[in-house]
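Structure below is input29.cif: mmCIF, C-alpha atoms and all ligand atoms.
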```cif
data_run
loop_
_atom_site.label_atom_id
_atom_site.label_comp_id
_atom_site.auth_asym_id
_atom_site.auth_seq_id
_atom_site.Cartn_x
_atom_site.Cartn_y
_atom_site.Cartn_z
CA GLN A 1 62.93 -67.12 34.59
CA PRO A 2 60.93 -65.28 37.22
CA THR A 3 57.28 -64.71 36.39
CA LEU A 4 55.20 -61.64 37.09
CA SER A 5 53.85 -63.04 40.32
CA ASP A 6 57.38 -63.60 41.59
CA PHE A 7 58.61 -61.08 44.13
CA GLU A 8 55.03 -60.64 45.33
CA ILE A 9 54.68 -60.01 49.04
CA VAL A 10 52.35 -62.65 50.45
CA ASP A 11 52.65 -61.84 54.14
CA ARG A 12 53.79 -58.96 56.27
CA ARG A 13 54.12 -58.66 60.02
CA ASP A 14 55.35 -55.81 62.14
CA PHE A 15 57.30 -56.87 65.20
CA SER A 16 57.99 -53.33 66.42
CA ASP A 17 58.16 -49.74 65.14
CA VAL A 18 61.30 -50.59 63.23
CA THR A 19 61.29 -54.36 62.65
CA TYR A 20 59.04 -55.96 60.06
CA LEU A 21 58.77 -59.25 58.22
CA LEU A 22 58.09 -59.73 54.53
CA GLU A 23 57.33 -63.14 53.08
CA VAL A 24 57.99 -62.99 49.35
CA ARG A 25 56.96 -65.43 46.64
CA HIS A 26 59.88 -66.86 44.71
CA PRO A 27 59.62 -70.65 44.29
CA LEU A 28 63.04 -71.09 42.67
CA MET A 29 64.76 -69.09 45.38
CA ALA A 30 62.91 -71.05 48.08
CA LYS A 31 64.12 -74.27 46.46
CA ALA A 32 67.74 -73.15 46.19
CA ALA A 33 68.14 -71.29 49.51
CA ARG A 34 70.39 -72.74 52.19
CA PRO A 35 70.97 -71.43 55.73
CA GLY A 36 73.47 -68.57 55.88
CA GLN A 37 72.74 -67.23 52.41
CA PHE A 38 71.39 -63.83 51.51
CA VAL A 39 69.54 -62.01 48.74
CA ILE A 40 69.93 -58.58 47.21
CA VAL A 41 66.67 -56.67 47.02
CA MET A 42 65.71 -53.74 44.82
CA LEU A 43 62.51 -51.92 45.67
CA HIS A 44 62.48 -49.82 42.47
CA GLU A 45 64.12 -50.06 39.09
CA HIS A 46 66.53 -47.28 40.03
CA GLY A 47 66.62 -48.12 43.72
CA GLU A 48 69.45 -49.03 46.00
CA ARG A 49 70.51 -52.69 46.14
CA ILE A 50 70.30 -53.91 49.71
CA PRO A 51 71.61 -57.23 51.00
CA LEU A 52 69.30 -59.09 53.39
CA THR A 53 69.90 -62.46 55.02
CA ILE A 54 67.27 -65.08 54.24
CA ALA A 55 65.53 -65.50 57.59
CA ASP A 56 63.41 -68.44 56.48
CA PHE A 57 62.39 -70.32 53.37
CA ASP A 58 59.42 -72.55 52.70
CA ARG A 59 59.85 -74.86 49.75
CA THR A 60 56.19 -75.95 49.83
CA ARG A 61 54.80 -72.42 49.79
CA GLY A 62 57.54 -71.30 47.39
CA THR A 63 58.44 -68.31 49.54
CA ILE A 64 61.36 -66.76 51.35
CA THR A 65 61.10 -64.62 54.47
CA LEU A 66 63.05 -61.45 55.16
CA VAL A 67 63.09 -59.68 58.52
CA ILE A 68 64.09 -56.09 58.05
CA GLN A 69 65.03 -53.22 60.34
CA ALA A 70 64.04 -49.78 59.12
CA VAL A 71 67.37 -48.06 59.63
CA GLY A 72 68.11 -46.26 56.35
CA LYS A 73 66.28 -44.66 53.47
CA THR A 74 65.39 -47.80 51.52
CA THR A 75 64.44 -49.94 54.50
CA ARG A 76 62.18 -47.14 55.78
CA GLU A 77 60.62 -46.69 52.35
CA MET A 78 60.00 -50.44 52.16
CA GLN A 79 58.37 -50.27 55.57
CA GLN A 80 55.93 -47.70 54.17
CA VAL A 81 55.13 -49.19 50.77
CA CYS A 82 55.56 -52.98 51.00
CA ARG A 83 52.13 -54.47 51.68
CA VAL A 84 50.62 -57.87 50.92
CA GLY A 85 49.94 -57.94 47.16
CA THR A 86 52.64 -55.45 46.18
CA THR A 87 55.85 -56.65 44.52
CA LEU A 88 59.53 -55.94 44.87
CA HIS A 89 61.31 -54.85 41.70
CA ALA A 90 64.04 -57.47 41.97
CA LEU A 91 65.29 -60.19 44.22
CA THR A 92 68.67 -61.71 43.37
CA GLY A 93 70.19 -64.76 45.01
CA PRO A 94 70.62 -66.92 46.88
CA MET A 95 74.08 -65.46 47.37
CA GLY A 96 77.04 -66.26 49.57
CA GLU A 97 78.43 -69.52 50.84
CA PRO A 98 75.90 -71.59 52.80
CA SER A 99 76.78 -72.22 56.44
CA HIS A 100 78.60 -75.46 57.19
CA ILE A 101 76.10 -77.64 58.99
CA GLY A 102 76.39 -81.21 60.16
CA ALA A 103 79.80 -81.58 61.78
CA SER A 104 78.95 -80.19 65.22
CA ARG A 105 76.99 -82.22 67.77
CA LYS A 106 76.24 -79.42 70.23
CA VAL A 107 75.72 -75.93 68.88
CA VAL A 108 74.86 -72.60 70.49
CA CYS A 109 73.02 -70.24 68.13
CA VAL A 110 73.10 -66.62 69.32
CA GLY A 111 71.01 -63.89 67.72
CA GLY A 112 70.88 -60.33 68.94
CA GLY A 113 68.78 -57.47 67.54
CA LEU A 114 68.72 -57.74 63.79
CA GLY A 115 70.53 -61.09 64.07
CA VAL A 116 67.65 -62.95 65.70
CA ALA A 117 65.91 -63.73 62.40
CA PRO A 118 68.96 -64.81 60.37
CA VAL A 119 70.22 -67.15 63.10
CA TYR A 120 66.91 -69.05 63.00
CA PRO A 121 67.54 -71.05 59.77
CA GLN A 122 70.95 -72.00 61.11
CA ALA A 123 69.46 -73.27 64.39
CA ARG A 124 66.84 -75.26 62.48
CA ALA A 125 69.42 -76.75 60.10
CA HIS A 126 71.74 -77.80 62.94
CA ARG A 127 68.80 -79.45 64.67
CA GLU A 128 67.74 -81.22 61.46
CA ALA A 129 71.32 -82.48 61.13
CA GLY A 130 70.97 -84.08 64.57
CA ALA A 131 72.77 -81.54 66.77
CA TYR A 132 71.72 -80.51 70.28
CA VAL A 133 70.86 -76.84 69.81
CA ILE A 134 70.94 -74.13 72.48
CA GLY A 135 69.31 -70.92 71.23
CA ILE A 136 70.13 -67.55 72.77
CA VAL A 137 68.13 -64.58 71.55
CA GLY A 138 68.46 -61.00 72.73
CA PHE A 139 65.99 -58.12 72.61
CA ARG A 140 65.71 -54.72 74.25
CA SER A 141 62.55 -55.66 76.13
CA LYS A 142 59.70 -58.18 76.41
CA ASP A 143 57.46 -56.31 73.91
CA LEU A 144 60.03 -56.73 71.14
CA VAL A 145 60.41 -60.52 71.43
CA PHE A 146 59.44 -62.36 68.25
CA TRP A 147 59.67 -65.93 66.91
CA GLU A 148 59.91 -67.45 70.39
CA ASP A 149 57.65 -70.26 69.13
CA LYS A 150 59.84 -70.93 66.11
CA PHE A 151 62.99 -71.04 68.21
CA ARG A 152 61.36 -73.28 70.85
CA ALA A 153 60.39 -75.70 68.06
CA CYS A 154 63.97 -76.14 66.88
CA CYS A 155 66.05 -75.60 70.02
CA ASP A 156 66.63 -78.10 72.82
CA GLU A 157 67.09 -75.13 75.15
CA LEU A 158 66.22 -71.48 74.64
CA ILE A 159 67.65 -68.58 76.63
CA ILE A 160 65.97 -65.22 76.14
CA CYS A 161 67.91 -62.13 77.20
CA THR A 162 66.49 -58.63 77.51
CA ASP A 163 68.35 -55.40 78.19
CA ASP A 164 65.80 -54.37 80.82
CA GLY A 165 65.22 -57.85 82.28
CA SER A 166 61.47 -57.73 81.48
CA VAL A 167 61.70 -61.36 80.40
CA GLY A 168 64.45 -63.97 80.65
CA LEU A 169 67.96 -63.03 81.70
CA LYS A 170 68.76 -59.37 82.21
CA GLY A 171 71.54 -58.15 79.98
CA ASN A 172 72.83 -58.73 76.50
CA VAL A 173 73.33 -62.09 74.81
CA THR A 174 76.81 -62.59 76.24
CA VAL A 175 75.14 -63.11 79.64
CA GLY A 176 73.24 -66.03 78.14
CA LEU A 177 76.32 -67.25 76.29
CA LYS A 178 78.37 -67.31 79.50
CA GLN A 179 75.60 -69.30 81.20
CA ALA A 180 75.50 -71.82 78.34
CA ILE A 181 79.28 -72.25 78.41
CA ALA A 182 79.22 -72.74 82.19
CA THR A 183 76.55 -75.45 82.03
CA HIS A 184 77.72 -77.35 78.92
CA ALA A 185 81.32 -78.51 78.75
CA ASP A 186 80.91 -80.18 75.37
CA ILE A 187 79.87 -77.34 73.05
CA ASP A 188 81.37 -77.83 69.57
CA GLU A 189 80.38 -74.56 67.94
CA VAL A 190 78.87 -71.17 68.59
CA VAL A 191 77.09 -69.25 65.83
CA ALA A 192 76.63 -65.54 66.58
CA ILE A 193 74.69 -63.13 64.38
CA GLY A 194 73.84 -59.52 65.15
CA PRO A 195 75.39 -56.06 65.19
CA PRO A 196 79.22 -56.12 64.86
CA ILE A 197 79.70 -55.00 68.45
CA MET A 198 77.64 -57.94 69.66
CA MET A 199 79.43 -60.48 67.45
CA LYS A 200 82.74 -59.10 68.67
CA ALA A 201 81.62 -59.50 72.30
CA CYS A 202 80.52 -63.10 71.63
CA ALA A 203 83.85 -63.91 69.96
CA GLU A 204 85.71 -62.46 72.96
CA THR A 205 83.53 -64.50 75.33
CA THR A 206 84.34 -67.78 73.56
CA ARG A 207 88.02 -67.10 72.76
CA PRO A 208 89.41 -68.13 76.18
CA HIS A 209 87.44 -71.39 75.88
CA PHE A 210 88.85 -72.15 72.40
CA LEU A 211 85.28 -72.56 71.19
CA LYS A 212 84.79 -72.41 67.43
CA THR A 213 82.69 -69.29 66.77
CA MET A 214 81.15 -68.47 63.43
CA VAL A 215 79.78 -64.98 62.72
CA SER A 216 77.81 -63.64 59.76
CA LEU A 217 79.17 -60.31 58.55
CA ASN A 218 77.09 -57.47 57.19
CA PRO A 219 79.41 -55.01 55.43
CA ILE A 220 78.20 -52.57 52.81
CA MET A 221 77.58 -54.43 49.57
CA VAL A 222 77.03 -53.25 46.02
CA ASP A 223 77.06 -56.00 43.41
CA GLY A 224 77.21 -59.02 45.70
CA THR A 225 79.28 -60.96 43.18
CA GLY A 226 82.88 -60.27 44.19
CA MET A 227 83.43 -57.50 41.61
CA CYS A 228 83.25 -54.16 43.44
CA GLY A 229 85.26 -54.83 46.59
CA GLY A 230 82.78 -52.83 48.70
CA CYS A 231 82.28 -55.72 51.10
CA ARG A 232 85.97 -56.34 51.84
CA VAL A 233 86.66 -57.48 55.38
CA LYS A 234 89.87 -58.25 57.23
CA VAL A 235 89.96 -61.85 58.39
CA GLY A 236 93.20 -63.11 59.93
CA ASP A 237 96.08 -61.92 57.75
CA GLY A 238 93.96 -61.75 54.62
CA ILE A 239 91.30 -59.70 52.92
CA LYS A 240 88.05 -61.43 52.09
CA PHE A 241 84.93 -60.38 50.22
CA ALA A 242 81.94 -61.11 52.43
CA CYS A 243 79.59 -61.58 49.48
CA VAL A 244 81.45 -64.48 47.89
CA ASP A 245 83.84 -65.74 50.59
CA GLY A 246 81.24 -65.34 53.37
CA PRO A 247 79.11 -64.00 54.86
CA ASP A 248 80.13 -66.57 57.55
CA PHE A 249 83.63 -66.29 58.96
CA ASP A 250 85.62 -67.44 61.97
CA GLY A 251 84.76 -64.84 64.60
CA HIS A 252 88.17 -65.16 66.28
CA GLN A 253 89.86 -64.05 63.05
CA VAL A 254 87.61 -61.12 62.07
CA ASP A 255 88.80 -57.54 62.52
CA PHE A 256 85.54 -56.12 63.87
CA ASP A 257 86.97 -52.64 64.48
CA ASP A 258 87.81 -52.33 60.78
CA LEU A 259 84.32 -53.57 59.89
CA MET A 260 82.69 -50.96 62.14
CA VAL A 261 84.75 -48.13 60.63
CA ARG A 262 83.90 -49.25 57.09
CA LEU A 263 80.20 -49.50 57.93
CA LYS A 264 80.19 -45.80 58.84
CA ARG A 265 82.01 -44.58 55.78
CA PHE A 266 78.90 -43.45 53.85
CA ALA A 267 77.06 -42.12 56.90
CA ASP A 268 76.86 -38.55 55.48
CA GLN A 269 75.53 -39.71 52.11
CA GLU A 270 73.07 -42.05 53.82
CA ARG A 271 71.78 -39.20 55.97
CA ALA A 272 71.47 -36.91 52.93
CA ALA A 273 69.58 -39.57 50.95
CA PHE A 274 67.19 -40.08 53.83
CA GLU A 275 66.60 -36.35 54.25
CA ARG A 276 65.94 -35.88 50.50
CA TRP A 277 63.46 -38.75 50.54
CA SER A 278 61.61 -37.62 53.69
CA GLU A 279 61.25 -33.98 52.62
FE1 LIG B 1 80.90 -56.14 45.66
FE2 LIG B 1 81.14 -58.04 47.52
S1 LIG B 1 79.53 -56.62 47.26
S2 LIG B 1 82.55 -57.47 45.99
#
```
Translate the structure described by the file into structure tokens.
Ligand code: FES
Amino acid sequence: QPTLSDFEIVDRRDFSDVTYLLEVRHPLMAKAARPGQFVIVMLHEHGERIPLTIADFDRTRGTITLVIQAVGKTTREMQQVCRVGTTLHALTGPMGEPSHIGASRKVVCVGGGLGVAPVYPQARAHREAGAYVIGIVGFRSKDLVFWEDKFRACCDELIICTDDGSVGLKGNVTVGLKQAIATHADIDEVVAIGPPIMMKACAETTRPHFLKTMVSLNPIMVDGTGMCGGCRVKVGDGIKFACVDGPDFDGHQVDFDDLMVRLKRFADQERAAFERWSE
């Protein structure tokens, strides 16, 4: 059973105007969490349930780390009210199938935008399992780079890409991915996490090379337990529920166009909720 001090925010960092980190106390969750899993967070008793990938977990400190982008009503409200010492109303998880780690000897871990944080535990786990890990992380510009030290600690090589070229390679993460593929003939697996358009581009980059590519999908979720069907995604010829069958799937099988359409389906309601809240 969680205690009162569970869900307490013990650290907060702001990486940019929209990206912030919350480290939350939850010893049981920290113990159970595996790379690739996510939690569902409620800020208030009557608040929205939002799925967030576990960006890190520390079993000794008994905490999990969430890196959040303030893009909608709840994530912006959390940005305003979540401070060290405050608590979240609820934190459910760990949910989803953990990523399959251990079989691949050389792995490229690609994180772009909001995918940089969730790809980190996967990179670390592949390294701990003995793989050679090439990290590729993409940001808009130099000022927005975060966790370079953490990635350097668990990657054998790190390629930073920025849209404006202010540090590292100029361009999006596929520029780095192409470079990695050109210099390493023996890559076993690529893991790509980020906005759907980026994951789609990574999957298209690796497809001609027949390189196994795993992506972590972020559809709209409600219950997170396979009951509501909100998170349905088209994968190959079948329909899967990202919350229980994923969130990791074979990127060459995912219908990203369908995912992008479904992600926009509540855009009007989301805008209205945000406007009501900000009035
Ligand atoms: Fe309801 Fe997946 S979130 S079925």
Checklist entry - How would you write, as a PyMOL selection string, the set of residues no farther than 9 Å from ligand LIG 1 (chain B) when counting all atoms listed in the file? => result chain A and resi 51+219-232+240-245
Write out, as a CSV table (one decimal), in the coordinates of the input, the residues just selected, with C-alpha atoms.
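Generated file (part.csv):
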```csv
chain,number,residue,atom,x,y,z
A,51,PRO,CA,71.6,-57.2,51.0
A,219,PRO,CA,79.4,-55.0,55.4
A,220,ILE,CA,78.2,-52.6,52.8
A,221,MET,CA,77.6,-54.4,49.6
A,222,VAL,CA,77.0,-53.2,46.0
A,223,ASP,CA,77.1,-56.0,43.4
A,224,GLY,CA,77.2,-59.0,45.7
A,225,THR,CA,79.3,-61.0,43.2
A,226,GLY,CA,82.9,-60.3,44.2
A,227,MET,CA,83.4,-57.5,41.6
A,228,CYS,CA,83.2,-54.2,43.4
A,229,GLY,CA,85.3,-54.8,46.6
A,230,GLY,CA,82.8,-52.8,48.7
A,231,CYS,CA,82.3,-55.7,51.1
A,232,ARG,CA,86.0,-56.3,51.8
A,240,LYS,CA,88.0,-61.4,52.1
A,241,PHE,CA,84.9,-60.4,50.2
A,242,ALA,CA,81.9,-61.1,52.4
A,243,CYS,CA,79.6,-61.6,49.5
A,244,VAL,CA,81.4,-64.5,47.9
A,245,ASP,CA,83.8,-65.7,50.6
```
Give me, as an mmCIF file with C-alpha atoms, in the frame of the given file, all polymer residues having an atom no more than 6 Å from Met95 in chain A, counting all atoms listed in the file and skipping those fewer than 4 positions away in the same chain.
```cif
data_model
loop_
_atom_site.group_PDB
_atom_site.id
_atom_site.type_symbol
_atom_site.label_atom_id
_atom_site.label_comp_id
_atom_site.auth_asym_id
_atom_site.auth_seq_id
_atom_site.Cartn_x
_atom_site.Cartn_y
_atom_site.Cartn_z
ATOM 1 C CA GLN A 37 72.740 -67.230 52.410
ATOM 2 C CA PHE A 38 71.390 -63.830 51.510
ATOM 3 C CA VAL A 39 69.540 -62.010 48.740
#
```
List the residues sitting within 8 Å of (49.6, -59.4, 52.3) in the file's frame, using only C-alpha atoms, as a compact mmCIF listing (two decimals) with C-alpha atoms, in the frame of the given file.
```
# COMPACT_ATOMS: atom_id res chain seq x y z
CA ILE A 9 54.68 -60.01 49.04
CA VAL A 10 52.35 -62.65 50.45
CA ASP A 11 52.65 -61.84 54.14
CA ARG A 12 53.79 -58.96 56.27
CA ARG A 83 52.13 -54.47 51.68
CA VAL A 84 50.62 -57.87 50.92
CA GLY A 85 49.94 -57.94 47.16
CA THR A 86 52.64 -55.45 46.18
```
Checklist entry - By how many Å are CA of Ala201 in chain A and CA of Leu263 in chain A apart? => result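 Interatomic distance, CA of Ala201 in chain A to CA of Leu263 in chain A: 17.6 Å.
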Checklist outcome for this item: Using all atoms listed in the file, the residue out of A:Gln269, A:Ser16, A:Gln80, A:Asn218 with shortest distance to Gly96 in chain A is A:Asn218
Item to check | For range 61-75 of chain A: contacts at 9 Å, only C-alpha atoms, fewer than 3 positions along chain excluded, given as an MDAnalysis selection string | outcome: chainID A and resid 10:11 17:31 33 42:43 47:50 52:58 78:80 114 117:118 270:271 273:275 277:278
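Going from CA of Ala185 in chain A over to CA of Met214 in chain A, you cover 18.3 Å.
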Checklist entry - Between CA of Asp149 in chain A and CA of Val81 in chain A, what is the spacing in Å? => result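 Interatomic distance here is 28.1 Å.
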Taking the partial coordinates given, rebuild range 229-256 of chain A to contain N, CA and C atoms; return it as a tab-separated table (two decimals), in the coordinates of the input.
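Written out: rebuild_7.tsv:
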```
chain	number	residue	atom	x	y	z
A	229	GLY	N	84.36	-54.95	45.44
A	229	GLY	CA	85.26	-54.83	46.59
A	229	GLY	C	84.65	-54.06	47.76
A	230	GLY	N	83.41	-53.62	47.63
A	230	GLY	CA	82.78	-52.83	48.70
A	230	GLY	C	82.67	-53.60	50.00
A	231	CYS	N	82.56	-54.91	49.90
A	231	CYS	CA	82.28	-55.72	51.10
A	231	CYS	C	83.54	-56.31	51.69
A	232	ARG	N	84.72	-55.74	51.35
A	232	ARG	CA	85.97	-56.34	51.84
A	232	ARG	C	86.05	-56.29	53.36
A	233	VAL	N	86.51	-57.39	53.93
A	233	VAL	CA	86.66	-57.48	55.38
A	233	VAL	C	88.02	-58.08	55.68
A	234	LYS	N	88.57	-57.68	56.83
A	234	LYS	CA	89.87	-58.25	57.23
A	234	LYS	C	89.60	-59.48	58.10
A	235	VAL	N	90.13	-60.59	57.64
A	235	VAL	CA	89.96	-61.85	58.39
A	235	VAL	C	91.34	-62.48	58.51
A	236	GLY	N	91.84	-62.61	59.74
A	236	GLY	CA	93.20	-63.11	59.93
A	236	GLY	C	94.19	-62.18	59.23
A	237	ASP	N	95.10	-62.75	58.46
A	237	ASP	CA	96.08	-61.92	57.75
A	237	ASP	C	95.58	-61.53	56.37
A	238	GLY	N	94.40	-61.97	56.00
A	238	GLY	CA	93.96	-61.75	54.62
A	238	GLY	C	92.78	-60.81	54.49
A	239	ILE	N	92.48	-60.50	53.24
A	239	ILE	CA	91.30	-59.70	52.92
A	239	ILE	C	90.31	-60.64	52.24
A	240	LYS	N	89.08	-60.59	52.69
A	240	LYS	CA	88.05	-61.43	52.09
A	240	LYS	C	86.91	-60.55	51.61
A	241	PHE	N	86.15	-61.06	50.65
A	241	PHE	CA	84.93	-60.38	50.22
A	241	PHE	C	83.76	-61.15	50.85
A	242	ALA	N	83.01	-60.42	51.69
A	242	ALA	CA	81.94	-61.11	52.43
A	242	ALA	C	80.91	-61.72	51.50
A	243	CYS	N	80.68	-61.10	50.34
A	243	CYS	CA	79.59	-61.58	49.48
A	243	CYS	C	79.88	-62.92	48.85
A	244	VAL	N	81.14	-63.19	48.54
A	244	VAL	CA	81.45	-64.48	47.89
A	244	VAL	C	82.24	-65.42	48.79
A	245	ASP	N	83.07	-64.88	49.68
A	245	ASP	CA	83.84	-65.74	50.59
A	245	ASP	C	83.03	-66.03	51.85
A	246	GLY	N	82.05	-65.22	52.15
A	246	GLY	CA	81.24	-65.34	53.37
A	246	GLY	C	79.79	-65.53	52.99
A	247	PRO	N	78.88	-64.96	53.77
A	247	PRO	CA	79.11	-64.00	54.86
A	247	PRO	C	79.60	-64.63	56.17
A	248	ASP	N	79.68	-65.98	56.28
A	248	ASP	CA	80.13	-66.57	57.55
A	248	ASP	C	81.65	-66.61	57.62
A	249	PHE	N	82.19	-66.22	58.75
A	249	PHE	CA	83.63	-66.29	58.96
A	249	PHE	C	83.91	-66.71	60.40
A	250	ASP	N	85.16	-67.10	60.63
A	250	ASP	CA	85.62	-67.44	61.97
A	250	ASP	C	85.70	-66.16	62.81
A	251	GLY	N	84.85	-66.06	63.80
A	251	GLY	CA	84.76	-64.84	64.60
A	251	GLY	C	86.05	-64.48	65.32
A	252	HIS	N	86.91	-65.46	65.58
A	252	HIS	CA	88.17	-65.16	66.28
A	252	HIS	C	89.20	-64.54	65.34
A	253	GLN	N	88.92	-64.58	64.04
A	253	GLN	CA	89.86	-64.05	63.05
A	253	GLN	C	89.43	-62.69	62.49
A	254	VAL	N	88.15	-62.33	62.71
A	254	VAL	CA	87.61	-61.12	62.07
A	254	VAL	C	88.09	-59.86	62.77
A	255	ASP	N	88.46	-58.86	61.98
A	255	ASP	CA	88.80	-57.54	62.52
A	255	ASP	C	87.51	-56.71	62.60
A	256	PHE	N	86.84	-56.79	63.73
A	256	PHE	CA	85.54	-56.12	63.87
A	256	PHE	C	85.68	-54.60	63.90
```
